[in-house]
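Student: Here you go, this is structure.txt (compact mmCIF, N, CA and C atoms).
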```txt
# COMPACT_ATOMS: atom_id res chain seq x y z
N MET A 1 -13.16 6.24 -8.66
CA MET A 1 -12.70 6.42 -7.30
C MET A 1 -11.31 5.79 -7.18
N SER A 2 -10.42 6.51 -6.53
CA SER A 2 -9.06 5.99 -6.35
C SER A 2 -9.02 4.97 -5.21
N TYR A 3 -7.98 4.17 -5.25
CA TYR A 3 -7.80 3.17 -4.20
C TYR A 3 -7.64 3.83 -2.83
N SER A 4 -6.91 4.94 -2.77
CA SER A 4 -6.70 5.60 -1.48
C SER A 4 -8.01 6.13 -0.89
N LEU A 5 -8.88 6.66 -1.74
CA LEU A 5 -10.19 7.11 -1.24
C LEU A 5 -11.02 5.91 -0.78
N TRP A 6 -10.95 4.82 -1.54
CA TRP A 6 -11.66 3.61 -1.14
C TRP A 6 -11.18 3.14 0.22
N GLN A 7 -9.88 3.22 0.49
CA GLN A 7 -9.35 2.77 1.78
C GLN A 7 -9.99 3.54 2.93
N VAL A 8 -10.15 4.84 2.77
CA VAL A 8 -10.77 5.64 3.83
C VAL A 8 -12.23 5.24 4.01
N ILE A 9 -12.96 5.12 2.90
CA ILE A 9 -14.36 4.70 2.97
C ILE A 9 -14.47 3.33 3.64
N PHE A 10 -13.62 2.41 3.23
CA PHE A 10 -13.62 1.05 3.79
C PHE A 10 -13.40 1.09 5.30
N TYR A 11 -12.42 1.87 5.74
CA TYR A 11 -12.10 1.93 7.17
C TYR A 11 -13.29 2.49 7.96
N VAL A 12 -13.80 3.63 7.51
CA VAL A 12 -14.90 4.27 8.24
C VAL A 12 -16.12 3.35 8.27
N ARG A 13 -16.41 2.70 7.16
CA ARG A 13 -17.58 1.82 7.09
C ARG A 13 -17.44 0.58 7.98
N ASN A 14 -16.23 0.02 8.02
CA ASN A 14 -16.03 -1.23 8.75
C ASN A 14 -15.62 -1.07 10.20
N PHE A 15 -15.04 0.07 10.55
CA PHE A 15 -14.62 0.29 11.94
C PHE A 15 -15.46 1.35 12.63
N GLY A 16 -16.39 1.94 11.92
CA GLY A 16 -17.27 2.94 12.51
C GLY A 16 -16.63 4.31 12.58
N PRO A 17 -17.34 5.26 13.18
CA PRO A 17 -16.80 6.61 13.29
C PRO A 17 -15.39 6.57 13.88
N CYS A 18 -14.50 7.37 13.31
CA CYS A 18 -13.10 7.32 13.72
C CYS A 18 -12.44 8.67 13.52
N THR A 19 -11.19 8.76 13.94
CA THR A 19 -10.42 9.99 13.77
C THR A 19 -9.40 9.81 12.64
N LEU A 20 -8.84 10.91 12.21
CA LEU A 20 -7.78 10.87 11.20
C LEU A 20 -6.60 10.03 11.69
N VAL A 21 -6.28 10.20 12.97
CA VAL A 21 -5.14 9.48 13.55
C VAL A 21 -5.34 7.97 13.45
N GLU A 22 -6.55 7.50 13.71
CA GLU A 22 -6.83 6.06 13.64
C GLU A 22 -6.63 5.53 12.22
N ILE A 23 -7.09 6.29 11.24
CA ILE A 23 -6.91 5.87 9.85
C ILE A 23 -5.43 5.87 9.49
N CYS A 24 -4.71 6.90 9.89
CA CYS A 24 -3.27 7.01 9.62
C CYS A 24 -2.51 5.82 10.19
N LYS A 25 -2.81 5.48 11.41
CA LYS A 25 -2.12 4.36 12.06
C LYS A 25 -2.45 3.04 11.36
N TYR A 26 -3.68 2.84 11.02
CA TYR A 26 -4.10 1.58 10.40
C TYR A 26 -3.40 1.35 9.07
N TYR A 27 -3.33 2.40 8.24
CA TYR A 27 -2.72 2.26 6.92
C TYR A 27 -1.25 2.68 6.87
N GLU A 28 -0.74 3.16 8.01
CA GLU A 28 0.65 3.63 8.07
C GLU A 28 0.90 4.72 7.02
N VAL A 29 0.02 5.72 7.04
CA VAL A 29 0.09 6.84 6.10
C VAL A 29 0.18 8.12 6.91
N GLU A 30 0.87 9.12 6.35
CA GLU A 30 1.02 10.39 7.06
C GLU A 30 -0.30 11.17 7.08
N ARG A 31 -0.47 11.91 8.14
CA ARG A 31 -1.73 12.63 8.37
C ARG A 31 -2.13 13.58 7.25
N PRO A 32 -1.21 14.36 6.67
CA PRO A 32 -1.64 15.28 5.59
C PRO A 32 -2.29 14.54 4.41
N ASN A 33 -1.80 13.34 4.10
CA ASN A 33 -2.39 12.57 3.01
C ASN A 33 -3.83 12.16 3.33
N VAL A 34 -4.04 11.68 4.54
CA VAL A 34 -5.38 11.26 4.95
C VAL A 34 -6.31 12.48 5.05
N THR A 35 -5.78 13.58 5.53
CA THR A 35 -6.57 14.80 5.63
C THR A 35 -7.10 15.21 4.25
N ARG A 36 -6.24 15.16 3.24
CA ARG A 36 -6.66 15.51 1.87
C ARG A 36 -7.74 14.55 1.37
N MET A 37 -7.55 13.27 1.64
CA MET A 37 -8.54 12.28 1.18
C MET A 37 -9.89 12.52 1.86
N VAL A 38 -9.87 12.76 3.16
CA VAL A 38 -11.11 12.99 3.89
C VAL A 38 -11.81 14.25 3.38
N HIS A 39 -11.03 15.30 3.10
CA HIS A 39 -11.63 16.52 2.56
C HIS A 39 -12.30 16.26 1.20
N ARG A 40 -11.65 15.46 0.35
CA ARG A 40 -12.26 15.12 -0.95
C ARG A 40 -13.56 14.35 -0.75
N LEU A 41 -13.54 13.40 0.17
CA LEU A 41 -14.75 12.62 0.44
C LEU A 41 -15.84 13.48 1.04
N GLU A 42 -15.44 14.45 1.85
CA GLU A 42 -16.41 15.38 2.43
C GLU A 42 -17.06 16.23 1.34
N GLU A 43 -16.23 16.73 0.42
CA GLU A 43 -16.74 17.54 -0.69
C GLU A 43 -17.75 16.77 -1.52
N GLN A 44 -17.58 15.46 -1.62
CA GLN A 44 -18.48 14.61 -2.39
C GLN A 44 -19.68 14.14 -1.57
N GLY A 45 -19.72 14.51 -0.29
CA GLY A 45 -20.83 14.13 0.57
C GLY A 45 -20.80 12.69 1.03
N ILE A 46 -19.62 12.06 0.98
CA ILE A 46 -19.49 10.65 1.35
C ILE A 46 -19.24 10.47 2.84
N VAL A 47 -18.47 11.38 3.43
CA VAL A 47 -18.22 11.36 4.87
C VAL A 47 -18.47 12.75 5.43
N GLU A 48 -18.62 12.81 6.75
CA GLU A 48 -18.74 14.08 7.46
C GLU A 48 -17.79 14.05 8.65
N GLN A 49 -17.33 15.23 9.03
CA GLN A 49 -16.52 15.33 10.24
C GLN A 49 -17.34 16.07 11.28
N ILE A 50 -17.40 15.49 12.47
CA ILE A 50 -18.12 16.13 13.56
C ILE A 50 -17.15 16.32 14.72
N PRO A 51 -17.40 17.32 15.56
CA PRO A 51 -16.48 17.55 16.69
C PRO A 51 -16.40 16.33 17.60
N GLY A 52 -15.20 16.04 18.06
CA GLY A 52 -14.99 14.94 18.99
C GLY A 52 -14.98 15.44 20.42
N LYS A 53 -14.51 14.60 21.33
CA LYS A 53 -14.43 14.98 22.74
C LYS A 53 -13.47 16.15 22.94
N ASP A 54 -12.37 16.09 22.22
CA ASP A 54 -11.36 17.14 22.25
C ASP A 54 -11.65 18.09 21.09
N ARG A 55 -11.64 19.40 21.32
CA ARG A 55 -11.97 20.35 20.27
C ARG A 55 -11.03 20.24 19.06
N ARG A 56 -9.82 19.79 19.30
CA ARG A 56 -8.85 19.68 18.20
C ARG A 56 -9.10 18.46 17.34
N GLU A 57 -9.90 17.56 17.83
CA GLU A 57 -10.12 16.29 17.15
C GLU A 57 -11.52 16.24 16.54
N LYS A 58 -11.58 15.75 15.31
CA LYS A 58 -12.88 15.57 14.66
C LYS A 58 -13.08 14.09 14.37
N VAL A 59 -14.33 13.66 14.47
CA VAL A 59 -14.68 12.27 14.22
C VAL A 59 -15.29 12.19 12.82
N ILE A 60 -14.80 11.23 12.05
CA ILE A 60 -15.26 11.04 10.67
C ILE A 60 -16.30 9.93 10.67
N HIS A 61 -17.42 10.18 10.03
CA HIS A 61 -18.43 9.12 9.92
C HIS A 61 -19.02 9.13 8.53
N MET A 62 -19.59 8.01 8.14
CA MET A 62 -20.16 7.80 6.82
C MET A 62 -21.52 8.47 6.73
N THR A 63 -21.78 9.11 5.60
CA THR A 63 -23.11 9.68 5.35
C THR A 63 -23.99 8.62 4.68
N GLU A 64 -25.25 8.95 4.53
CA GLU A 64 -26.16 8.04 3.83
C GLU A 64 -25.70 7.83 2.38
N LYS A 65 -25.29 8.92 1.75
CA LYS A 65 -24.78 8.83 0.38
C LYS A 65 -23.53 7.94 0.35
N GLY A 66 -22.65 8.12 1.34
CA GLY A 66 -21.44 7.31 1.43
C GLY A 66 -21.75 5.83 1.57
N GLU A 67 -22.77 5.53 2.35
CA GLU A 67 -23.19 4.14 2.54
C GLU A 67 -23.60 3.52 1.21
N GLY A 68 -24.36 4.27 0.41
CA GLY A 68 -24.77 3.78 -0.90
C GLY A 68 -23.58 3.56 -1.82
N ILE A 69 -22.64 4.48 -1.80
CA ILE A 69 -21.44 4.34 -2.62
C ILE A 69 -20.62 3.15 -2.17
N TYR A 70 -20.49 2.98 -0.85
CA TYR A 70 -19.75 1.84 -0.32
C TYR A 70 -20.37 0.54 -0.83
N LEU A 71 -21.68 0.41 -0.71
CA LEU A 71 -22.36 -0.83 -1.12
C LEU A 71 -22.19 -1.09 -2.62
N ALA A 72 -22.28 -0.05 -3.43
CA ALA A 72 -22.10 -0.22 -4.88
C ALA A 72 -20.68 -0.66 -5.20
N CYS A 73 -19.70 -0.02 -4.57
CA CYS A 73 -18.29 -0.40 -4.80
C CYS A 73 -18.01 -1.80 -4.29
N ARG A 74 -18.54 -2.12 -3.11
CA ARG A 74 -18.31 -3.44 -2.53
C ARG A 74 -18.86 -4.54 -3.44
N THR A 75 -20.02 -4.29 -4.06
CA THR A 75 -20.60 -5.25 -4.99
C THR A 75 -19.66 -5.48 -6.18
N GLU A 76 -19.14 -4.40 -6.74
CA GLU A 76 -18.22 -4.51 -7.87
C GLU A 76 -16.93 -5.22 -7.47
N ILE A 77 -16.40 -4.90 -6.31
CA ILE A 77 -15.14 -5.51 -5.85
C ILE A 77 -15.35 -7.01 -5.60
N THR A 78 -16.47 -7.36 -4.99
CA THR A 78 -16.77 -8.78 -4.74
C THR A 78 -16.85 -9.54 -6.05
N SER A 79 -17.49 -8.95 -7.04
CA SER A 79 -17.58 -9.59 -8.36
C SER A 79 -16.20 -9.78 -8.97
N LEU A 80 -15.36 -8.78 -8.88
CA LEU A 80 -14.00 -8.87 -9.40
C LEU A 80 -13.19 -9.92 -8.65
N GLU A 81 -13.35 -9.98 -7.34
CA GLU A 81 -12.64 -10.99 -6.54
C GLU A 81 -13.07 -12.40 -6.94
N ARG A 82 -14.35 -12.58 -7.14
CA ARG A 82 -14.86 -13.90 -7.56
C ARG A 82 -14.28 -14.30 -8.91
N GLN A 83 -14.23 -13.34 -9.82
CA GLN A 83 -13.68 -13.60 -11.14
C GLN A 83 -12.19 -13.96 -11.04
N ALA A 84 -11.46 -13.24 -10.21
CA ALA A 84 -10.03 -13.48 -10.04
C ALA A 84 -9.76 -14.85 -9.43
N MET A 85 -10.65 -15.33 -8.57
CA MET A 85 -10.46 -16.61 -7.87
C MET A 85 -11.15 -17.78 -8.57
N LYS A 86 -11.77 -17.52 -9.68
CA LYS A 86 -12.50 -18.55 -10.42
C LYS A 86 -11.56 -19.71 -10.76
N GLY A 87 -11.99 -20.92 -10.41
CA GLY A 87 -11.22 -22.11 -10.73
C GLY A 87 -10.10 -22.43 -9.75
N ILE A 88 -9.89 -21.58 -8.75
CA ILE A 88 -8.86 -21.83 -7.74
C ILE A 88 -9.54 -22.48 -6.54
N PRO A 89 -9.14 -23.68 -6.18
CA PRO A 89 -9.77 -24.37 -5.04
C PRO A 89 -9.71 -23.53 -3.76
N GLU A 90 -10.72 -23.68 -2.93
CA GLU A 90 -10.83 -22.90 -1.70
C GLU A 90 -9.59 -23.04 -0.81
N ALA A 91 -9.02 -24.23 -0.72
CA ALA A 91 -7.83 -24.44 0.11
C ALA A 91 -6.66 -23.58 -0.39
N GLN A 92 -6.52 -23.47 -1.70
CA GLN A 92 -5.44 -22.65 -2.25
C GLN A 92 -5.73 -21.16 -2.05
N GLN A 93 -7.00 -20.78 -2.13
CA GLN A 93 -7.37 -19.39 -1.87
C GLN A 93 -7.01 -19.01 -0.43
N LYS A 94 -7.28 -19.92 0.49
CA LYS A 94 -6.96 -19.67 1.90
C LYS A 94 -5.47 -19.45 2.09
N ILE A 95 -4.66 -20.28 1.44
CA ILE A 95 -3.20 -20.13 1.52
C ILE A 95 -2.79 -18.76 0.98
N LEU A 96 -3.36 -18.37 -0.15
CA LEU A 96 -3.05 -17.08 -0.75
C LEU A 96 -3.34 -15.94 0.22
N PHE A 97 -4.52 -15.97 0.83
CA PHE A 97 -4.89 -14.89 1.75
C PHE A 97 -4.04 -14.89 3.01
N GLU A 98 -3.51 -16.03 3.38
CA GLU A 98 -2.59 -16.09 4.52
C GLU A 98 -1.22 -15.53 4.14
N LEU A 99 -0.82 -15.69 2.87
CA LEU A 99 0.50 -15.24 2.42
C LEU A 99 0.54 -13.75 2.07
N LEU A 100 -0.56 -13.20 1.60
CA LEU A 100 -0.56 -11.81 1.16
C LEU A 100 -0.07 -10.82 2.22
N PRO A 101 -0.48 -10.93 3.48
CA PRO A 101 0.05 -9.98 4.48
C PRO A 101 1.57 -10.07 4.61
N GLN A 102 2.14 -11.27 4.51
CA GLN A 102 3.59 -11.41 4.59
C GLN A 102 4.27 -10.76 3.38
N ILE A 103 3.67 -10.93 2.22
CA ILE A 103 4.22 -10.30 1.02
C ILE A 103 4.19 -8.79 1.17
N ARG A 104 3.08 -8.26 1.67
CA ARG A 104 2.95 -6.80 1.89
C ARG A 104 4.02 -6.32 2.86
N GLU A 105 4.20 -7.04 3.95
CA GLU A 105 5.21 -6.67 4.93
C GLU A 105 6.61 -6.69 4.31
N ASN A 106 6.90 -7.72 3.52
CA ASN A 106 8.20 -7.80 2.86
C ASN A 106 8.42 -6.61 1.94
N LEU A 107 7.38 -6.22 1.19
CA LEU A 107 7.50 -5.07 0.30
C LEU A 107 7.70 -3.78 1.09
N ASN A 108 6.98 -3.64 2.20
CA ASN A 108 7.17 -2.46 3.05
C ASN A 108 8.58 -2.40 3.60
N ASP A 109 9.10 -3.55 4.03
CA ASP A 109 10.48 -3.60 4.54
C ASP A 109 11.47 -3.22 3.45
N GLN A 110 11.22 -3.67 2.23
CA GLN A 110 12.10 -3.36 1.10
C GLN A 110 12.10 -1.85 0.84
N GLY A 111 10.94 -1.24 0.92
CA GLY A 111 10.83 0.21 0.70
C GLY A 111 11.60 0.99 1.75
N GLU A 112 11.59 0.49 2.99
CA GLU A 112 12.32 1.17 4.07
C GLU A 112 13.82 1.05 3.86
N GLU A 113 14.29 -0.09 3.31
CA GLU A 113 15.71 -0.28 3.07
C GLU A 113 16.21 0.64 1.98
N ILE A 114 15.36 0.98 1.01
CA ILE A 114 15.76 1.83 -0.10
C ILE A 114 15.96 3.26 0.36
N HIS A 115 15.11 3.70 1.29
CA HIS A 115 15.18 5.11 1.75
C HIS A 115 16.28 5.25 2.70
```
Could you spell out this file's structure in structure tokens?

Tutor:
Amino acid sequence: MSYSLWQVIFYVRNFGPCTLVEICKYYEVERPNVTRMVHRLEEQGIVEQIPGKDRREKVIHMTEKGEGIYLACRTEITSLERQAMKGIPEAQQKILFELLPQIRENLNDQGEEIH
């Protein structure tokens, strides 16, 4: 499973049924990219799209199969995270997790300067 597909699964699982627009805004990704990912996940039976309040809008929700895949992936990711943090004191881990969003923002800003 690719990281981008995992991001969609993660969002739907943790924020509940949602629209393409909500996922796009959260990850700052263009709609066609998210649309393709959702279609791939739909083909695999991981998510379903159901009509929303507005006929033009569809709500994406996790299927039972998707829930099982999420739990299996989450278990593997948690194990990997524990291995990566092995031997690092909790206080230093906390600092790292506080710094990572700033690093991400800096990298995003750098990408915008290049274009």

Student: Rank A:Pro32, A:Pro17, A:Gly87, A:Gly45 by their smallest atom-to-atom distance to Glu64 (chain A), using only C-alpha atoms, and report the top residue only.

Tutor: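 Ranked by minimum distance to Glu64 (chain A), first place goes to A:Gly45.
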
Student: Which residues in chain A does DSSP call helix (DSSP H, G or I)? List them as a VMD selection string.

Tutor: chain A and resid 3 to 15 20 to 27 31 to 43 64 to 85 90 to 114

Student: Pick out the closest residue to Thr35 (chain A) from this set: A:Met1, A:Glu48, A:Leu20, A:Ile69. Count all atoms listed in the file.

Tutor: A:Leu20

Student: Which residues in chain A does DSSP call strand (DSSP E or B)? List them as a list in words.

Tutor: Cys18, Val47, Glu48, Gln49, Ile50, Pro51, Lys58, Val59, Ile60, His61 and Met62 of chain A

Student: Just N, CA and C atoms for this one: save the residues we selected as a PDB file, keeping the file's coordinate frame.

Tutor:
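selection_36.pdb written:
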```
ATOM      1  N   CYS A  18     -14.500   7.370  13.310  1.00  0.00           N
ATOM      2  CA  CYS A  18     -13.100   7.320  13.720  1.00  0.00           C
ATOM      3  C   CYS A  18     -12.440   8.670  13.520  1.00  0.00           C
ATOM      4  N   VAL A  47     -18.470  11.380   3.430  1.00  0.00           N
ATOM      5  CA  VAL A  47     -18.220  11.360   4.870  1.00  0.00           C
ATOM      6  C   VAL A  47     -18.470  12.750   5.430  1.00  0.00           C
ATOM      7  N   GLU A  48     -18.620  12.810   6.750  1.00  0.00           N
ATOM      8  CA  GLU A  48     -18.740  14.080   7.460  1.00  0.00           C
ATOM      9  C   GLU A  48     -17.790  14.050   8.650  1.00  0.00           C
ATOM     10  N   GLN A  49     -17.330  15.230   9.030  1.00  0.00           N
ATOM     11  CA  GLN A  49     -16.520  15.330  10.240  1.00  0.00           C
ATOM     12  C   GLN A  49     -17.340  16.070  11.280  1.00  0.00           C
ATOM     13  N   ILE A  50     -17.400  15.490  12.470  1.00  0.00           N
ATOM     14  CA  ILE A  50     -18.120  16.130  13.560  1.00  0.00           C
ATOM     15  C   ILE A  50     -17.150  16.320  14.720  1.00  0.00           C
ATOM     16  N   PRO A  51     -17.400  17.320  15.560  1.00  0.00           N
ATOM     17  CA  PRO A  51     -16.480  17.550  16.690  1.00  0.00           C
ATOM     18  C   PRO A  51     -16.400  16.330  17.600  1.00  0.00           C
ATOM     19  N   LYS A  58     -11.580  15.750  15.310  1.00  0.00           N
ATOM     20  CA  LYS A  58     -12.880  15.570  14.660  1.00  0.00           C
ATOM     21  C   LYS A  58     -13.080  14.090  14.370  1.00  0.00           C
ATOM     22  N   VAL A  59     -14.330  13.660  14.470  1.00  0.00           N
ATOM     23  CA  VAL A  59     -14.680  12.270  14.220  1.00  0.00           C
ATOM     24  C   VAL A  59     -15.290  12.190  12.820  1.00  0.00           C
ATOM     25  N   ILE A  60     -14.800  11.230  12.050  1.00  0.00           N
ATOM     26  CA  ILE A  60     -15.260  11.040  10.670  1.00  0.00           C
ATOM     27  C   ILE A  60     -16.300   9.930  10.670  1.00  0.00           C
ATOM     28  N   HIS A  61     -17.420  10.180  10.030  1.00  0.00           N
ATOM     29  CA  HIS A  61     -18.430   9.120   9.920  1.00  0.00           C
ATOM     30  C   HIS A  61     -19.020   9.130   8.530  1.00  0.00           C
ATOM     31  N   MET A  62     -19.590   8.010   8.140  1.00  0.00           N
ATOM     32  CA  MET A  62     -20.160   7.800   6.820  1.00  0.00           C
ATOM     33  C   MET A  62     -21.520   8.470   6.730  1.00  0.00           C
TER      34      MET A  62
END
```

Student: How many Å lie between atom C of Glu67 (chain A) and CA of Asn14 (chain A), rounded to one decimal?

Tutor: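 Atom-to-atom, atom C of Glu67 (chain A) to CA of Asn14 (chain A), that is 11.7 Å.
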
Student: Please complete region 25-50 of chain A so it has N, CA, C and O atoms, and hand it over as a short mmCIF file (atom, residue, chain, number, x, y, z; two decimals), keeping the file's coordinate frame.

Tutor:
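Contents of part.cif, as written:
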```
data_model
loop_
_atom_site.label_atom_id
_atom_site.label_comp_id
_atom_site.auth_asym_id
_atom_site.auth_seq_id
_atom_site.Cartn_x
_atom_site.Cartn_y
_atom_site.Cartn_z
N LYS A 25 -2.81 5.48 11.41
CA LYS A 25 -2.12 4.36 12.06
C LYS A 25 -2.45 3.04 11.36
O LYS A 25 -1.57 2.23 11.14
N TYR A 26 -3.68 2.84 11.02
CA TYR A 26 -4.10 1.58 10.40
C TYR A 26 -3.40 1.35 9.07
O TYR A 26 -2.92 0.26 8.79
N TYR A 27 -3.33 2.40 8.24
CA TYR A 27 -2.72 2.26 6.92
C TYR A 27 -1.25 2.68 6.87
O TYR A 27 -0.63 2.59 5.82
N GLU A 28 -0.74 3.16 8.01
CA GLU A 28 0.65 3.63 8.07
C GLU A 28 0.90 4.72 7.02
O GLU A 28 1.83 4.65 6.21
N VAL A 29 0.02 5.72 7.04
CA VAL A 29 0.09 6.84 6.10
C VAL A 29 0.18 8.12 6.91
O VAL A 29 -0.37 8.22 8.01
N GLU A 30 0.87 9.12 6.35
CA GLU A 30 1.02 10.39 7.06
C GLU A 30 -0.30 11.17 7.08
O GLU A 30 -1.09 11.10 6.15
N ARG A 31 -0.47 11.91 8.14
CA ARG A 31 -1.73 12.63 8.37
C ARG A 31 -2.13 13.58 7.25
O ARG A 31 -3.31 13.63 6.87
N PRO A 32 -1.21 14.36 6.67
CA PRO A 32 -1.64 15.28 5.59
C PRO A 32 -2.29 14.54 4.41
O PRO A 32 -3.23 15.05 3.81
N ASN A 33 -1.80 13.34 4.10
CA ASN A 33 -2.39 12.57 3.01
C ASN A 33 -3.83 12.16 3.33
O ASN A 33 -4.72 12.28 2.49
N VAL A 34 -4.04 11.68 4.54
CA VAL A 34 -5.38 11.26 4.95
C VAL A 34 -6.31 12.48 5.05
O VAL A 34 -7.47 12.41 4.65
N THR A 35 -5.78 13.58 5.53
CA THR A 35 -6.57 14.80 5.63
C THR A 35 -7.10 15.21 4.25
O THR A 35 -8.28 15.53 4.09
N ARG A 36 -6.24 15.16 3.24
CA ARG A 36 -6.66 15.51 1.87
C ARG A 36 -7.74 14.55 1.37
O ARG A 36 -8.72 14.96 0.75
N MET A 37 -7.55 13.27 1.64
CA MET A 37 -8.54 12.28 1.18
C MET A 37 -9.89 12.52 1.86
O MET A 37 -10.94 12.47 1.21
N VAL A 38 -9.87 12.76 3.16
CA VAL A 38 -11.11 12.99 3.89
C VAL A 38 -11.81 14.25 3.38
O VAL A 38 -13.03 14.26 3.20
N HIS A 39 -11.03 15.30 3.10
CA HIS A 39 -11.63 16.52 2.56
C HIS A 39 -12.30 16.26 1.20
O HIS A 39 -13.39 16.77 0.94
N ARG A 40 -11.65 15.46 0.35
CA ARG A 40 -12.26 15.12 -0.95
C ARG A 40 -13.56 14.35 -0.75
O ARG A 40 -14.55 14.61 -1.42
N LEU A 41 -13.54 13.40 0.17
CA LEU A 41 -14.75 12.62 0.44
C LEU A 41 -15.84 13.48 1.04
O LEU A 41 -17.03 13.28 0.76
N GLU A 42 -15.44 14.45 1.85
CA GLU A 42 -16.41 15.38 2.43
C GLU A 42 -17.06 16.23 1.34
O GLU A 42 -18.28 16.43 1.34
N GLU A 43 -16.23 16.73 0.42
CA GLU A 43 -16.74 17.54 -0.69
C GLU A 43 -17.75 16.77 -1.52
O GLU A 43 -18.69 17.35 -2.08
N GLN A 44 -17.58 15.46 -1.62
CA GLN A 44 -18.48 14.61 -2.39
C GLN A 44 -19.68 14.14 -1.57
O GLN A 44 -20.55 13.42 -2.07
N GLY A 45 -19.72 14.51 -0.29
CA GLY A 45 -20.83 14.13 0.57
C GLY A 45 -20.80 12.69 1.03
O GLY A 45 -21.82 12.14 1.44
N ILE A 46 -19.62 12.06 0.98
CA ILE A 46 -19.49 10.65 1.35
C ILE A 46 -19.24 10.47 2.84
O ILE A 46 -19.73 9.52 3.45
N VAL A 47 -18.47 11.38 3.43
CA VAL A 47 -18.22 11.36 4.87
C VAL A 47 -18.47 12.75 5.43
O VAL A 47 -18.51 13.74 4.69
N GLU A 48 -18.62 12.81 6.75
CA GLU A 48 -18.74 14.08 7.46
C GLU A 48 -17.79 14.05 8.65
O GLU A 48 -17.51 12.97 9.19
N GLN A 49 -17.33 15.23 9.03
CA GLN A 49 -16.52 15.33 10.24
C GLN A 49 -17.34 16.07 11.28
O GLN A 49 -17.90 17.13 11.00
N ILE A 50 -17.40 15.49 12.47
CA ILE A 50 -18.12 16.13 13.56
C ILE A 50 -17.15 16.32 14.72
O ILE A 50 -16.17 15.59 14.84
#
```
